[in-house]
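Student: Quick one, model_34.txt (compact mmCIF, C-alpha atoms):
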```
# COMPACT_ATOMS: atom_id res chain seq x y z
CA MET A 1392 12.57 4.94 -21.55
CA ASP A 1393 11.14 6.26 -18.26
CA ARG A 1394 13.66 4.44 -16.09
CA HIS A 1395 16.00 6.59 -14.04
CA PRO A 1396 19.59 5.57 -14.89
CA THR A 1397 20.52 4.68 -11.30
CA THR A 1398 17.26 2.97 -10.35
CA PRO A 1399 17.36 -0.85 -10.33
CA ARG A 1400 14.77 -2.72 -12.33
CA SER A 1401 13.27 -4.19 -9.12
CA VAL A 1402 12.56 -0.66 -7.84
CA ASP A 1403 10.89 0.28 -11.12
CA LEU A 1404 8.77 -2.88 -10.97
CA ALA A 1405 7.80 -2.21 -7.35
CA ILE A 1406 6.70 1.30 -8.29
CA ARG A 1407 4.72 0.10 -11.30
CA SER A 1408 3.09 -2.62 -9.19
CA ALA A 1409 2.12 -0.10 -6.50
CA TRP A 1410 0.48 2.09 -9.16
CA THR A 1411 -1.24 -0.96 -10.67
CA LEU A 1412 -2.68 -1.73 -7.25
CA THR A 1413 -3.89 1.86 -7.01
CA GLY A 1414 -5.65 1.36 -10.35
CA ILE A 1415 -7.29 -1.85 -9.11
CA PHE A 1416 -8.61 0.00 -6.07
CA GLY A 1417 -9.92 2.76 -8.34
CA VAL A 1418 -11.81 0.14 -10.34
CA ALA A 1419 -13.12 -1.32 -7.07
CA VAL A 1420 -14.55 2.09 -6.11
CA VAL A 1421 -16.35 2.29 -9.46
CA LEU A 1422 -17.66 -1.24 -8.85
CA MET A 1423 -18.89 -0.13 -5.43
CA ALA A 1424 -21.01 2.50 -7.12
CA LEU A 1425 -22.34 0.03 -9.69
CA PHE A 1426 -23.08 -2.76 -7.20
CA ASP A 1427 -24.33 -0.61 -4.33
CA ASP A 1428 -27.47 -2.70 -3.75
CA GLN A 1429 -25.56 -5.99 -3.76
CA LEU A 1430 -23.06 -4.60 -1.25
CA ALA A 1431 -25.94 -3.54 0.99
CA GLY A 1432 -27.23 -7.11 0.73
CA ALA A 1433 -23.81 -8.50 1.72
CA TRP A 1434 -23.84 -6.13 4.68
CA ALA A 1435 -27.39 -7.19 5.61
CA ARG A 1436 -26.38 -10.88 5.77
CA HIS A 1437 -24.21 -10.06 8.79
CA HIS A 1438 -26.89 -8.18 10.78
CA THR A 1439 -29.79 -9.77 12.62
CA GLY A 1440 -33.11 -9.15 10.92
CA ALA A 1441 -31.62 -6.99 8.17
CA LEU A 1442 -31.49 -9.75 5.54
CA GLU A 1443 -35.26 -10.30 5.65
CA VAL A 1444 -35.89 -6.57 5.30
CA PHE A 1445 -33.35 -6.35 2.44
CA GLU A 1446 -34.94 -9.24 0.57
CA GLN A 1447 -38.31 -7.46 0.70
CA GLY A 1448 -37.25 -3.91 -0.11
CA GLY A 1449 -33.53 -3.67 -0.95
CA ARG A 1450 -31.43 -0.81 0.33
CA ALA A 1451 -34.44 1.52 0.45
CA GLY A 1452 -36.29 -1.02 2.60
CA LEU A 1453 -33.36 -1.16 5.02
CA GLU A 1454 -33.35 2.62 5.30
CA ARG A 1455 -37.12 2.73 5.85
CA ALA A 1456 -36.72 0.15 8.63
CA ASN A 1457 -34.15 2.43 10.29
CA TYR A 1458 -31.09 0.30 9.56
CA ALA A 1459 -27.93 2.39 9.26
CA VAL A 1460 -26.62 0.92 6.01
CA PRO A 1461 -23.04 2.07 5.36
CA SER A 1462 -22.31 4.13 2.28
CA PHE A 1463 -19.42 2.33 0.62
CA VAL A 1464 -18.64 4.75 -2.22
CA PRO A 1465 -17.67 7.82 -0.13
CA VAL A 1466 -15.45 5.70 2.13
CA GLY A 1467 -13.92 3.88 -0.82
CA SER A 1468 -13.32 7.13 -2.71
CA THR A 1469 -11.61 8.71 0.27
CA MET A 1470 -9.44 5.63 0.80
CA PHE A 1471 -8.54 5.63 -2.90
CA VAL A 1472 -7.42 9.27 -2.84
CA VAL A 1473 -5.42 8.85 0.39
CA GLY A 1474 -3.88 5.61 -0.92
CA ALA A 1475 -2.90 7.23 -4.22
CA MET A 1476 -1.25 10.12 -2.39
CA LEU A 1477 0.66 7.70 -0.14
CA VAL A 1478 1.82 5.67 -3.15
CA TRP A 1479 2.94 8.86 -4.88
CA VAL A 1480 5.00 10.10 -1.91
CA LEU A 1481 6.45 6.72 -0.99
CA THR A 1482 7.43 5.83 -4.57
CA VAL A 1483 9.20 9.16 -5.00
CA PHE A 1484 11.31 8.48 -1.93
CA LEU A 1485 11.89 4.84 -2.86
CA ARG A 1486 13.16 5.95 -6.26
CA LEU A 1487 15.53 8.36 -4.49
CA GLY A 1488 16.83 5.49 -2.37
CA TYR A 1489 15.32 6.23 1.02
CA ARG A 1490 14.73 3.22 3.27
CA TRP A 1491 11.52 4.66 4.73
CA GLY A 1492 10.02 4.81 1.22
CA GLN A 1493 10.59 1.07 0.96
CA LEU A 1494 9.32 0.31 4.46
CA GLY A 1495 6.31 2.60 4.00
CA LEU A 1496 5.33 0.73 0.83
CA VAL A 1497 5.79 -2.59 2.63
CA ALA A 1498 3.44 -1.40 5.38
CA LEU A 1499 0.96 -0.10 2.79
CA MET A 1500 1.01 -3.46 0.96
CA ALA A 1501 0.41 -5.30 4.25
CA GLY A 1502 -2.59 -3.07 5.00
CA CYS A 1503 -3.92 -3.49 1.47
CA GLY A 1504 -3.47 -7.25 1.73
CA TYR A 1505 -5.51 -7.30 4.93
CA ALA A 1506 -8.22 -5.17 3.30
CA SER A 1507 -8.24 -7.37 0.18
CA ILE A 1508 -8.76 -10.52 2.23
CA ALA A 1509 -11.36 -8.98 4.54
CA LEU A 1510 -13.39 -7.23 1.85
CA GLY A 1511 -12.97 -9.85 -0.87
CA PHE A 1512 -13.48 -13.06 1.07
CA VAL A 1513 -14.63 -12.58 4.67
CA LEU A 1514 -17.59 -10.24 4.13
CA GLY A 1515 -19.05 -12.23 1.22
CA PRO A 1516 -19.37 -9.49 -1.44
CA PRO A 1517 -20.60 -10.03 -5.02
CA PRO A 1518 -18.28 -12.26 -7.13
CA VAL A 1519 -16.79 -9.35 -9.07
CA PHE A 1520 -15.22 -8.10 -5.83
CA VAL A 1521 -13.67 -11.52 -5.21
CA VAL A 1522 -12.00 -11.25 -8.64
CA ALA A 1523 -10.75 -7.74 -7.78
CA ALA A 1524 -9.45 -9.02 -4.41
CA VAL A 1525 -7.55 -11.89 -6.06
CA ALA A 1526 -6.01 -9.47 -8.60
CA ALA A 1527 -5.07 -7.09 -5.78
CA LEU A 1528 -3.47 -9.89 -3.75
CA LEU A 1529 -1.38 -10.96 -6.74
CA VAL A 1530 -0.18 -7.41 -7.37
CA GLU A 1531 0.53 -6.91 -3.65
CA GLY A 1532 2.63 -10.08 -3.69
CA VAL A 1533 4.62 -8.92 -6.73
CA THR A 1534 5.17 -5.54 -5.10
CA LEU A 1535 6.44 -7.12 -1.87
CA VAL A 1536 8.82 -9.41 -3.77
CA CYS A 1537 10.20 -6.42 -5.67
CA LEU A 1538 10.52 -4.34 -2.49
CA TRP A 1539 12.63 -7.06 -0.81
CA HIS A 1540 14.66 -7.95 -3.90
CA PRO A 1541 18.44 -7.75 -3.27
CA ASP A 1542 18.81 -4.96 -5.85
CA THR A 1543 16.14 -2.89 -4.08
CA ARG A 1544 17.75 -3.50 -0.69
CA ALA A 1545 21.10 -2.40 -2.12
CA HIS A 1546 19.47 0.72 -3.59
CA VAL A 1547 17.95 2.04 -0.38
CA ARG A 1548 20.05 4.07 2.03
CA GLY A 1549 20.62 3.18 5.63
CA PRO A 1550 23.57 2.17 7.74
CA TRP A 1551 22.23 -1.39 8.10
CA THR A 1552 21.83 -2.07 4.37
CA GLY A 1553 25.24 -1.56 2.82
CA GLY A 1554 23.54 0.63 0.20
CA PRO A 1555 24.54 4.04 -1.19
CA GLY A 1556 24.20 5.87 2.13
CA ALA A 1557 25.70 3.19 4.37
CA ASN A 1558 29.05 4.90 4.98
CA ASP A 1559 27.83 8.49 5.22
CA HIS A 1560 27.80 8.51 9.02
CA GLN A 1561 31.20 6.97 9.71
CA VAL A 1562 33.87 9.04 11.44
CA ALA A 1563 37.48 8.72 10.32
CA PRO A 1564 39.59 6.89 12.88
CA ALA A 1565 41.80 9.01 15.10
CA GLY A 1566 45.59 8.74 14.72
CA PRO A 1567 48.22 9.30 17.40
CA ALA A 1568 47.47 12.08 19.89
CA GLY A 1569 43.83 12.28 18.73
CA GLU A 1570 44.66 13.51 15.20
CA SER A 1571 42.32 12.44 12.47
CA THR A 1572 43.91 10.31 9.73
CA ASP A 1573 42.08 12.27 7.04
CA GLY A 1574 43.60 15.62 8.04
CA ALA A 1575 40.37 16.95 9.58
CA ALA A 1576 39.96 18.04 13.17
CA PRO A 1577 39.25 15.20 15.60
CA HIS A 1578 35.60 14.41 16.21
CA SER A 1579 34.42 15.12 19.73
CA ASP A 1580 31.04 14.68 21.32
```
Would you write the structure of this file as structure tokens?

Tutor:
Amino acid sequence: MDRHPTTPRSVDLAIRSAWTLTGIFGVAVVLMALFDDQLAGAWARHHTGALEVFEQGGRAGLERANYAVPSFVPVGSTMFVVGAMLVWVLTVFLRLGYRWGQLGLVALMAGCGYASIALGFVLGPPPVFVVAAVAALLVEGVTLVCLWHPDTRAHVRGPWTGGPGANDHQVAPAGPAGESTDGAAPHSD
């Protein structure tokens, strides 16, 4: 069992979902390499005159006609590596119960959702990328549900959550003549 004894199941599922999404994006980068010409064609459809040139000579024809066709694989590979590192850091801190690990993953899922919609539906890529976008959107949804599950919210620390670290910053009330009721010196700022 790889579950940490104090980690709620919803946190474990959120972490697994985030890593699953990372895997989907890794597959998407491999697909970018395999479908490079088709991606250049999808790009050409959105640029005046480029589609005609693409239909006659493909990516090489676009380059000969001095079109600056984007290279999708280097950008996708870089985004994959950066995303994987972010998931790694944020999941470590989520597992430890830090609120910013949870909020960072929420922000990452929102950005990935935007990218999934834009790249999978708006730009008109080959059908295999639409399938990858739908899978990514499903996993992003599962991750968000797990990140906002009541057990996850109770696990993360923060004075506004009521979780494990909620009472760490409270000062004991002062008794008569400014004496602390817990026997410690009075708190002064």

Student: What's the separation between CA of Ala1527 in chain A and CA of Gly1414 in chain A, in Å to one decimal place?

Tutor: 9.6 Å

Student: Determine, counting all atoms listed in the file, which protein, DNA and RNA residues have an atom within 12 Å of an atom of Val1497 in chain A; residues of the same chain fewer than 4 positions away are not included. Present the result as number ranges by chain.

Tutor: A: 1405-1406, 1409, 1477-1478, 1481-1482, 1485, 1490-1493, 1501-1504, 1531-1539

Student: Give me, please, the distance in Å between CA of Gly1511 in chain A and CA of Val1464 in chain A, quoted to one decimal.

Tutor: 15.7 Å

Student: Give me the residues within 6 Å of Tyr1489 in chain A as a list in words, counting only C-alpha atoms and dropping any in the same chain fewer than 4 places off.

Tutor: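 These residues fall inside the cut-off: Phe1484, Leu1485, Val1547 and Arg1548 of chain A.
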
Student: Could you check how far CA of Ala1431 in chain A sits from CA of Arg1450 in chain A, in Å to one decimal?

Tutor: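 According to the coordinates, CA of Ala1431 in chain A and CA of Arg1450 in chain A are separated by 6.2 Å.
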
Student: For Met1500 in chain A, which residue out of A:Val1519, A:Val1402, A:Ala1456, A:Leu1528 is the nearest one, using all atoms listed in the file?

Tutor: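 Closest residue, counting all atoms listed in the file: A:Leu1528.
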
Student: Tell me which protein, DNA and RNA residues are within 12 Å of range 1415-1418 of chain A, counting only C-alpha atoms, leaving out same-chain ones fewer than 6 positions away, and put them as a compact mmCIF listing (two decimals) with C-alpha atoms, keeping the file's coordinate frame.

Tutor:
```txt
# COMPACT_ATOMS: atom_id res chain seq x y z
CA SER A 1408 3.09 -2.62 -9.19
CA ALA A 1409 2.12 -0.10 -6.50
CA ALA A 1424 -21.01 2.50 -7.12
CA LEU A 1425 -22.34 0.03 -9.69
CA VAL A 1464 -18.64 4.75 -2.22
CA GLY A 1467 -13.92 3.88 -0.82
CA SER A 1468 -13.32 7.13 -2.71
CA THR A 1469 -11.61 8.71 0.27
CA MET A 1470 -9.44 5.63 0.80
CA PHE A 1471 -8.54 5.63 -2.90
CA VAL A 1472 -7.42 9.27 -2.84
CA VAL A 1473 -5.42 8.85 0.39
CA GLY A 1474 -3.88 5.61 -0.92
CA ALA A 1475 -2.90 7.23 -4.22
CA CYS A 1503 -3.92 -3.49 1.47
CA GLY A 1504 -3.47 -7.25 1.73
CA ALA A 1506 -8.22 -5.17 3.30
CA SER A 1507 -8.24 -7.37 0.18
CA LEU A 1510 -13.39 -7.23 1.85
CA GLY A 1511 -12.97 -9.85 -0.87
CA VAL A 1519 -16.79 -9.35 -9.07
CA PHE A 1520 -15.22 -8.10 -5.83
CA VAL A 1522 -12.00 -11.25 -8.64
CA ALA A 1523 -10.75 -7.74 -7.78
CA ALA A 1524 -9.45 -9.02 -4.41
CA VAL A 1525 -7.55 -11.89 -6.06
CA ALA A 1526 -6.01 -9.47 -8.60
CA ALA A 1527 -5.07 -7.09 -5.78
CA LEU A 1528 -3.47 -9.89 -3.75
CA LEU A 1529 -1.38 -10.96 -6.74
CA VAL A 1530 -0.18 -7.41 -7.37
CA GLU A 1531 0.53 -6.91 -3.65
```

Student: So, counting only C-alpha atoms, which residue among A:Leu1430, A:Leu1412, A:Leu1494, A:Leu1404 is closest to Ser1462 in chain A?

Tutor: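 Between A:Leu1430, A:Leu1412, A:Leu1494, A:Leu1404, the residue approaching Ser1462 in chain A most closely is A:Leu1430.
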
Student: Quick one: of A:Val1513, A:Ile1508, A:Ala1419, A:Ala1545, who's nearest to Phe1463 in chain A, counting only C-alpha atoms?

Tutor: A:Ala1419

Student: Near His1437 in chain A, counting all atoms listed in the file, which residues have an atom at most 12 Å away, once you skip same-chain residues fewer than 4 positions from it, shown as a PDB file with C-alpha atoms, in the coordinates of the input?

Tutor:
```pdb
ATOM      1  CA  LEU A1430     -23.060  -4.600  -1.250  1.00  0.00           C
ATOM      2  CA  ALA A1431     -25.940  -3.540   0.990  1.00  0.00           C
ATOM      3  CA  GLY A1432     -27.230  -7.110   0.730  1.00  0.00           C
ATOM      4  CA  ALA A1433     -23.810  -8.500   1.720  1.00  0.00           C
ATOM      5  CA  ALA A1441     -31.620  -6.990   8.170  1.00  0.00           C
ATOM      6  CA  LEU A1442     -31.490  -9.750   5.540  1.00  0.00           C
ATOM      7  CA  GLU A1443     -35.260 -10.300   5.650  1.00  0.00           C
ATOM      8  CA  PHE A1445     -33.350  -6.350   2.440  1.00  0.00           C
ATOM      9  CA  VAL A1460     -26.620   0.920   6.010  1.00  0.00           C
ATOM     10  CA  VAL A1513     -14.630 -12.580   4.670  1.00  0.00           C
ATOM     11  CA  LEU A1514     -17.590 -10.240   4.130  1.00  0.00           C
ATOM     12  CA  GLY A1515     -19.050 -12.230   1.220  1.00  0.00           C
ATOM     13  CA  PRO A1516     -19.370  -9.490  -1.440  1.00  0.00           C
TER      14      PRO A1516
END
```

Student: Between A:Pro1541, A:Gly1440, A:Gly1495, A:Pro1461, single out the one closest to Arg1400 in chain A, counting all atoms listed in the file.

Tutor: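 Closest residue, counting all atoms listed in the file: A:Pro1541.
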
Student: Could you check which of A:His1438, A:Arg1455, A:Leu1499, A:His1546 is closest to Thr1413 in chain A, using all atoms listed in the file?

Tutor: A:Leu1499

Student: Can you work out which one of A:Trp1434, A:Val1444, A:Pro1517, A:Arg1486 has the shortest atom-to-atom distance to Ser1401 in chain A, counting all atoms listed in the file?

Tutor: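 Looking at the shortest contact to Ser1401 in chain A, the residue is A:Arg1486.
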